[in-house]
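Peer 1: Could you have a look at this structure, given as structure tokens, before my questions?
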Amino acid sequence: MAISDNVRKRMEEGSWIRRMFEEGASLKQQYGEENVFDLSLGNPVMEPPPAFGQELRKLVDSPGRGMHRYMANAGYPETRAAVAAQLKLETGIEFSMDDIVMTCGAAGALNVVLKTILNPGEQVIVFAPYFVEYDNYIDNQGGASIVVPTDEQFVPKLDALEAAVTAKTKAVIINSPNNPSGAVYSQDLIHQIGDLLGKKESQYGTRIFLISDEAYRKIIYDGVTYPAVFHHHPHTVVVTSHSKDLALPGERIGYVAVNPTCTQREELIAGLTFCNRTLGYVNAPALMQHAVRNLQQVTVSVAEYQRKRDFLFDHLVEMGYRVTKPQGAFYMFPKSPLEDDVVFVNELQQWKVLTVPGRGFGSPGYFRISYCVTDRTLEGSLEGFRGAAQEFSVS
């Protein structure tokens with residue numbers, strides 16, 4: 001066999017997002033791209049802010065000598081210092097460049113963190129619904145995923161978390177704003193999670209990392225304030241990227257930030273830097289490190305995403321769909337009118353509307369909509385959503 005049994009198994013299980021992408025390509029070929037309304041991918045159509053182009057032009061017009069050579073595996077000191085300064089501004093915590101490792105996006109960051117901390121067979125807790133690639137990243141590094149449910153508002157259940165933590169628990173991953181639900185975790189909830197993990201560390205004599213995936217941290221609506229996780233658990237690591245806040249998903253630029261109060265922080269940072277190299281990333285893209293250095297306070301138009309959210313949410317609710325209003329990110333996670341979410345998503349395809357079944361995120365009975373698309377796509381999808389609502393007596 002050309003590939004391992006594990007890889008074959010995971011390929012067969014596959015990603016529902018990738019499957020819908022392939023279905024979309026087939027439908028577009030059959031009916032024409034303008035007649036298919038693809039809400040399946042979190043691939044923003046919004047262009048990067050003008051400041052990004054300005055930074056690129058500066059680099060092209062006045063390239064520094066050796067700008068494209070290797071640098072330290074943790075990244076350019078100037079870029080890490082800029083990230084640290086922004087985190088200090090946001091959190092009030094004394095971050096320094098030594099707390100930061102630049103990475104190939106949040107996905108690269110999460111693989112680096114898991115490689116650094118996991119021993120074979122140790123467990124990582126995730127909350128459903130969750131970005132399904134977490135399973136693969138954990139498996140990549142020899143860990144085991146433990147899935148814990150959330151409530152109807154997609155908020156983690158503390159009693160379920162407490163029951164899931166064992167002596168083998170090495171980390172808990174939270175993702176807020178959440179993909180796929182758009183839920184934003186409150187400061188009180190984060191505090192309770194941190195408090196619970198601290199008690200469990202004392203009970204088992206272990207260290208449990210709180211890993212916060214914050215790729216959508218700057219895309220928050222309705223005046224909601226993002227609570228910094230660092231205040232609530234010393235063994236906190238943040239992974240994030242500029243894929244969403246600067247609309248640069250293809251550039252693969254992000255970072256890991258380690259809580260300055262983390263015990264054995266220097267050893268952890270050394271491990272992260274080592275794994276950044278040995279996993280084959282080597283270092284984050286040089287050009288992008290230069291480009292984002294002066295853009296730490298810049299973001300895409302959050303108001304534009306909120307407008308799209310309100311447009312789609314209002315129409316879906318009017319049609320009778322049960323939807324929890326997202327507080328951030330650019331996804332919605334409505335309840336499926338059919339018990340089998342895959343059947344419903346397939347029915348939507350008959351209306352040339354592409355979404356992703358909730359089981360692809362560990363939550364059967366829902367479906368994900370991505371609204372980081374053109375207005376024309378959102379408007380064109382309404383007929384299909386309305387037709388399906390009428391067909392299945394949504395109320």
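Identifiers in this document derive from the order of the structure tokens: chains are assigned A, B, ..., residues are numbered from 1 separately in each chain, and ligands are numbered from 1 in order of occurrence.
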Using only C-alpha atoms, which residues of segment 177-258 of chain A come within 12 Å of segment 363-369 of chain A, and what is the closest atom pair for each, with the distance in Å to one decimal? Give it as a Markdown table, sorted by chain and residue number.
Peer 2:
```
| residue | atom | partner | partner_atom | distance |
| --- | --- | --- | --- | --- |
| A:Asn178 | CA | A:Arg368 | CA | 11.7 |
| A:Asn179 | CA | A:Arg368 | CA | 9.0 |
| A:Pro180 | CA | A:Arg368 | CA | 6.2 |
| A:Ser181 | CA | A:Arg368 | CA | 7.7 |
| A:Gly182 | CA | A:Arg368 | CA | 10.2 |
```
Peer 1: Residues of segment 42-74 of chain A within 10 Å of segment 101-115 of chain A: nearest atom pair and distance (Å, one decimal) for each, counting only C-alpha atoms, sorted by chain and number, as a Markdown table?
Peer 2:
```
| residue | atom | partner | partner_atom | distance |
| --- | --- | --- | --- | --- |
| A:Ala72 | CA | A:Val101 | CA | 9.9 |
| A:Asn73 | CA | A:Val101 | CA | 8.1 |
| A:Ala74 | CA | A:Val101 | CA | 4.6 |
```
Peer 1: Could you save the residues just selected, with C-alpha atoms, as a PDB file, in the first residue's frame?
Peer 2:
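What ended up in result-v3.pdb:
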```
ATOM      1  CA  ALA A  72      15.772  32.575  13.791  1.00  0.00           C
ATOM      2  CA  ASN A  73      13.179  29.769  13.834  1.00  0.00           C
ATOM      3  CA  ALA A  74      10.984  31.758  16.237  1.00  0.00           C
TER       4      ALA A  74
END
```
Peer 1: Where in segment 190-307 of chain A does DSSP assign helix (DSSP H, G or I), given as a PyMOL selection string?
Peer 2: chain A and resi 190-204+229-232+249-251+265-278+286-292+302-307
Peer 1: Take the residues just selected and output them with N, CA and C atoms as a compact mmCIF listing (two decimals), in the first residue's frame.
Peer 2:
```txt
# COMPACT_ATOMS: atom_id res chain seq x y z
N ILE A 190 -14.60 31.67 30.93
CA ILE A 190 -13.17 31.42 30.82
C ILE A 190 -12.56 31.29 32.22
N HIS A 191 -12.99 32.16 33.13
CA HIS A 191 -12.48 32.10 34.50
C HIS A 191 -12.82 30.76 35.15
N GLN A 192 -14.05 30.30 34.95
CA GLN A 192 -14.47 29.03 35.54
C GLN A 192 -13.70 27.86 34.94
N ILE A 193 -13.44 27.91 33.63
CA ILE A 193 -12.64 26.85 33.00
C ILE A 193 -11.23 26.85 33.58
N GLY A 194 -10.63 28.03 33.68
CA GLY A 194 -9.29 28.12 34.24
C GLY A 194 -9.23 27.64 35.67
N ASP A 195 -10.23 28.01 36.46
CA ASP A 195 -10.29 27.59 37.86
C ASP A 195 -10.40 26.07 37.95
N LEU A 196 -11.26 25.50 37.11
CA LEU A 196 -11.45 24.04 37.11
C LEU A 196 -10.15 23.33 36.74
N LEU A 197 -9.44 23.85 35.73
CA LEU A 197 -8.20 23.20 35.31
C LEU A 197 -7.14 23.29 36.41
N GLY A 198 -7.12 24.43 37.11
CA GLY A 198 -6.19 24.56 38.21
C GLY A 198 -6.44 23.53 39.30
N LYS A 199 -7.70 23.31 39.62
CA LYS A 199 -8.05 22.31 40.64
C LYS A 199 -7.69 20.90 40.18
N LYS A 200 -7.90 20.63 38.91
CA LYS A 200 -7.57 19.30 38.39
C LYS A 200 -6.05 19.09 38.36
N GLU A 201 -5.30 20.15 38.08
CA GLU A 201 -3.85 20.03 38.13
C GLU A 201 -3.39 19.64 39.54
N SER A 202 -4.00 20.28 40.53
CA SER A 202 -3.65 19.95 41.92
C SER A 202 -4.06 18.53 42.28
N GLN A 203 -5.23 18.12 41.79
CA GLN A 203 -5.73 16.78 42.10
C GLN A 203 -4.83 15.69 41.53
N TYR A 204 -4.38 15.88 40.28
CA TYR A 204 -3.62 14.82 39.62
C TYR A 204 -2.11 15.05 39.66
N VAL A 229 -7.66 35.35 27.75
CA VAL A 229 -7.63 34.11 28.50
C VAL A 229 -6.45 34.05 29.47
N PHE A 230 -5.40 34.82 29.21
CA PHE A 230 -4.18 34.73 30.01
C PHE A 230 -4.41 35.03 31.49
N HIS A 231 -5.42 35.81 31.80
CA HIS A 231 -5.68 36.20 33.18
C HIS A 231 -6.25 35.05 34.01
N HIS A 232 -6.68 33.97 33.37
CA HIS A 232 -7.51 32.99 34.06
C HIS A 232 -6.87 31.62 34.25
N PRO A 249 -5.76 34.43 4.25
CA PRO A 249 -5.68 32.99 4.54
C PRO A 249 -4.62 32.26 3.73
N GLY A 250 -4.37 32.70 2.52
CA GLY A 250 -3.39 32.00 1.69
C GLY A 250 -1.95 32.33 2.03
N GLU A 251 -1.73 33.32 2.87
CA GLU A 251 -0.36 33.72 3.19
C GLU A 251 0.22 32.96 4.37
N ARG A 265 8.41 28.46 31.43
CA ARG A 265 8.09 29.14 30.17
C ARG A 265 9.25 29.06 29.18
N GLU A 266 10.47 29.27 29.65
CA GLU A 266 11.61 29.28 28.74
C GLU A 266 11.78 27.92 28.05
N GLU A 267 11.59 26.86 28.81
CA GLU A 267 11.69 25.52 28.22
C GLU A 267 10.59 25.31 27.19
N LEU A 268 9.38 25.78 27.52
CA LEU A 268 8.26 25.64 26.58
C LEU A 268 8.53 26.39 25.29
N ILE A 269 8.99 27.63 25.40
CA ILE A 269 9.29 28.42 24.20
C ILE A 269 10.39 27.74 23.39
N ALA A 270 11.40 27.21 24.05
CA ALA A 270 12.47 26.51 23.34
C ALA A 270 11.92 25.30 22.60
N GLY A 271 10.97 24.59 23.25
CA GLY A 271 10.36 23.44 22.59
C GLY A 271 9.52 23.84 21.39
N LEU A 272 8.77 24.92 21.53
CA LEU A 272 7.96 25.42 20.41
C LEU A 272 8.83 25.80 19.23
N THR A 273 9.93 26.50 19.52
CA THR A 273 10.84 26.93 18.46
C THR A 273 11.48 25.72 17.77
N PHE A 274 11.88 24.75 18.56
CA PHE A 274 12.47 23.51 18.02
C PHE A 274 11.46 22.80 17.11
N CYS A 275 10.21 22.66 17.57
CA CYS A 275 9.20 21.94 16.78
C CYS A 275 8.78 22.73 15.55
N ASN A 276 8.82 24.05 15.62
CA ASN A 276 8.55 24.87 14.44
C ASN A 276 9.52 24.49 13.32
N ARG A 277 10.76 24.21 13.71
CA ARG A 277 11.78 23.81 12.73
C ARG A 277 11.62 22.36 12.31
N THR A 278 11.51 21.47 13.28
CA THR A 278 11.57 20.04 12.95
C THR A 278 10.30 19.50 12.33
N ALA A 286 8.91 34.85 5.56
CA ALA A 286 9.69 36.07 5.87
C ALA A 286 8.96 37.34 5.42
N LEU A 287 8.48 37.34 4.17
CA LEU A 287 7.84 38.54 3.65
C LEU A 287 6.62 38.93 4.48
N MET A 288 5.83 37.92 4.87
CA MET A 288 4.63 38.21 5.65
C MET A 288 4.98 38.70 7.06
N GLN A 289 6.07 38.19 7.63
CA GLN A 289 6.48 38.71 8.94
C GLN A 289 6.80 40.20 8.85
N HIS A 290 7.48 40.59 7.78
CA HIS A 290 7.75 42.02 7.58
C HIS A 290 6.46 42.80 7.37
N ALA A 291 5.54 42.23 6.59
CA ALA A 291 4.33 42.96 6.21
C ALA A 291 3.39 43.20 7.38
N VAL A 292 3.23 42.20 8.26
CA VAL A 292 2.24 42.33 9.33
C VAL A 292 2.79 43.04 10.56
N VAL A 302 -15.16 44.96 10.23
CA VAL A 302 -16.03 44.10 11.03
C VAL A 302 -17.49 44.48 10.80
N ALA A 303 -17.73 45.78 10.59
CA ALA A 303 -19.10 46.25 10.33
C ALA A 303 -19.68 45.59 9.08
N GLU A 304 -18.84 45.35 8.09
CA GLU A 304 -19.31 44.71 6.86
C GLU A 304 -19.73 43.27 7.13
N TYR A 305 -18.95 42.56 7.93
CA TYR A 305 -19.35 41.20 8.29
C TYR A 305 -20.62 41.21 9.14
N GLN A 306 -20.74 42.17 10.03
CA GLN A 306 -21.95 42.23 10.86
C GLN A 306 -23.18 42.50 10.00
N ARG A 307 -23.01 43.34 8.98
CA ARG A 307 -24.13 43.60 8.06
C ARG A 307 -24.56 42.32 7.36
```
Peer 1: Set the distance at 10 Å and use only C-alpha atoms: which residues neighbour Lys218 of chain A once local chain neighbours fewer than 2 positions away are removed? I'd like the list as a short mmCIF file (atom, residue, chain, number, x, y, z; two decimals) with N, CA and C atoms, in the first residue's frame.
Peer 2:
```cif
data_model
loop_
_atom_site.label_atom_id
_atom_site.label_comp_id
_atom_site.auth_asym_id
_atom_site.auth_seq_id
_atom_site.Cartn_x
_atom_site.Cartn_y
_atom_site.Cartn_z
N PRO A 177 -14.02 33.60 19.10
CA PRO A 177 -15.28 33.19 18.49
C PRO A 177 -15.15 31.84 17.80
N GLU A 214 -7.57 31.55 18.54
CA GLU A 214 -8.18 32.87 18.45
C GLU A 214 -8.10 33.46 17.04
N ALA A 215 -8.28 32.61 16.04
CA ALA A 215 -8.18 33.08 14.66
C ALA A 215 -9.22 34.15 14.34
N TYR A 216 -10.34 34.17 15.07
CA TYR A 216 -11.42 35.13 14.79
C TYR A 216 -11.55 36.20 15.88
N ILE A 220 -15.75 40.45 16.05
CA ILE A 220 -16.76 40.33 17.10
C ILE A 220 -17.78 41.45 16.92
N TYR A 221 -19.05 41.13 17.22
CA TYR A 221 -20.15 42.05 16.93
C TYR A 221 -20.84 42.57 18.19
N THR A 225 -17.10 42.34 24.20
CA THR A 225 -15.68 42.48 24.51
C THR A 225 -15.03 41.11 24.60
N TYR A 226 -13.86 40.98 23.98
CA TYR A 226 -13.17 39.70 24.01
C TYR A 226 -12.38 39.57 25.31
N HIS A 242 -3.40 35.75 11.00
CA HIS A 242 -3.96 36.94 10.35
C HIS A 242 -4.81 36.55 9.14
N LYS A 244 -7.95 35.76 8.98
CA LYS A 244 -9.30 36.32 8.99
C LYS A 244 -9.29 37.82 9.25
N ASP A 245 -8.50 38.28 10.23
CA ASP A 245 -8.58 39.71 10.57
C ASP A 245 -7.93 40.60 9.51
N LEU A 246 -6.99 40.06 8.72
CA LEU A 246 -6.40 40.81 7.62
C LEU A 246 -6.77 40.21 6.26
N GLN A 297 -2.68 46.55 14.75
CA GLN A 297 -3.91 47.22 15.15
C GLN A 297 -4.87 47.43 13.97
N VAL A 298 -4.58 46.77 12.86
CA VAL A 298 -5.41 46.90 11.65
C VAL A 298 -6.26 45.66 11.49
N THR A 299 -7.48 45.83 10.98
CA THR A 299 -8.33 44.68 10.69
C THR A 299 -9.24 45.01 9.52
N VAL A 300 -9.86 43.99 8.97
CA VAL A 300 -10.86 44.19 7.93
C VAL A 300 -12.09 44.87 8.52
N VAL A 302 -15.16 44.96 10.23
CA VAL A 302 -16.03 44.10 11.03
C VAL A 302 -17.49 44.48 10.80
N GLY A 328 -19.65 36.44 16.80
CA GLY A 328 -18.38 36.70 16.15
C GLY A 328 -18.12 35.72 15.03
N ALA A 329 -16.91 35.81 14.43
CA ALA A 329 -16.52 35.01 13.26
C ALA A 329 -17.46 35.32 12.09
#
```
Peer 1: Please measure the separation of atom CA of Phe330 of chain A and atom CA of Glu133 of chain A, giving the value in Å to one decimal.
Peer 2: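 According to the coordinates, atom CA of Phe330 of chain A and atom CA of Glu133 of chain A are separated by 18.0 Å.
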Peer 1: Hey, what's within 7 Å of segment 372-381 of chain A if we count only C-alpha atoms and toss same-chain stuff fewer than 6 positions away? As a PyMOL selection string, please?
Peer 2: chain A and resi 37+42-45+330+353
Peer 1: Distance atom CA of Val239 of chain A-atom CA of Val256 of chain A, one decimal place?
Peer 2: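 One can read the atom CA of Val239 of chain A to atom CA of Val256 of chain A distance as 4.7 Å.
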Peer 1: So, with only C-alpha atoms as the atoms that count, which of A:Gln349, A:Thr263, A:Asn119, A:Thr79 lies closest to Tyr31 of chain A?
Peer 2: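 Smallest separation from Tyr31 of chain A among the options: A:Gln349.
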Peer 1: Looking only at strand (DSSP E or B) from DSSP on the backbone, list the matching residues of segment 129-192 of chain A as a list in words.
Peer 2: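 DSSP-assigned strand (DSSP E or B) residues in segment 129-192 of chain A: Ala144, Ser145, Ile146, Val147, Val148, Thr150, Pro156, Thr169, Lys170, Ala171, Val172, Ile173, Ile174 and Asn175 of chain A.
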Peer 1: What separation in Å, quoted to one decimal, exists between atom CA of Asp38 of chain A and atom CA of Gly360 of chain A?
Peer 2: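 Interatomic distance, atom CA of Asp38 of chain A to atom CA of Gly360 of chain A: 16.7 Å.
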Peer 1: Identify, on the basis of only C-alpha atoms, every residue whose closest approach to Arg80 of chain A does not exceed 9 Å; exclude the query and any residue fewer than 3 positions from it along the same chain; express the result as a PyMOL selection string.
Peer 2: chain A and resi 74-77+83-85+96-102+255+289+293
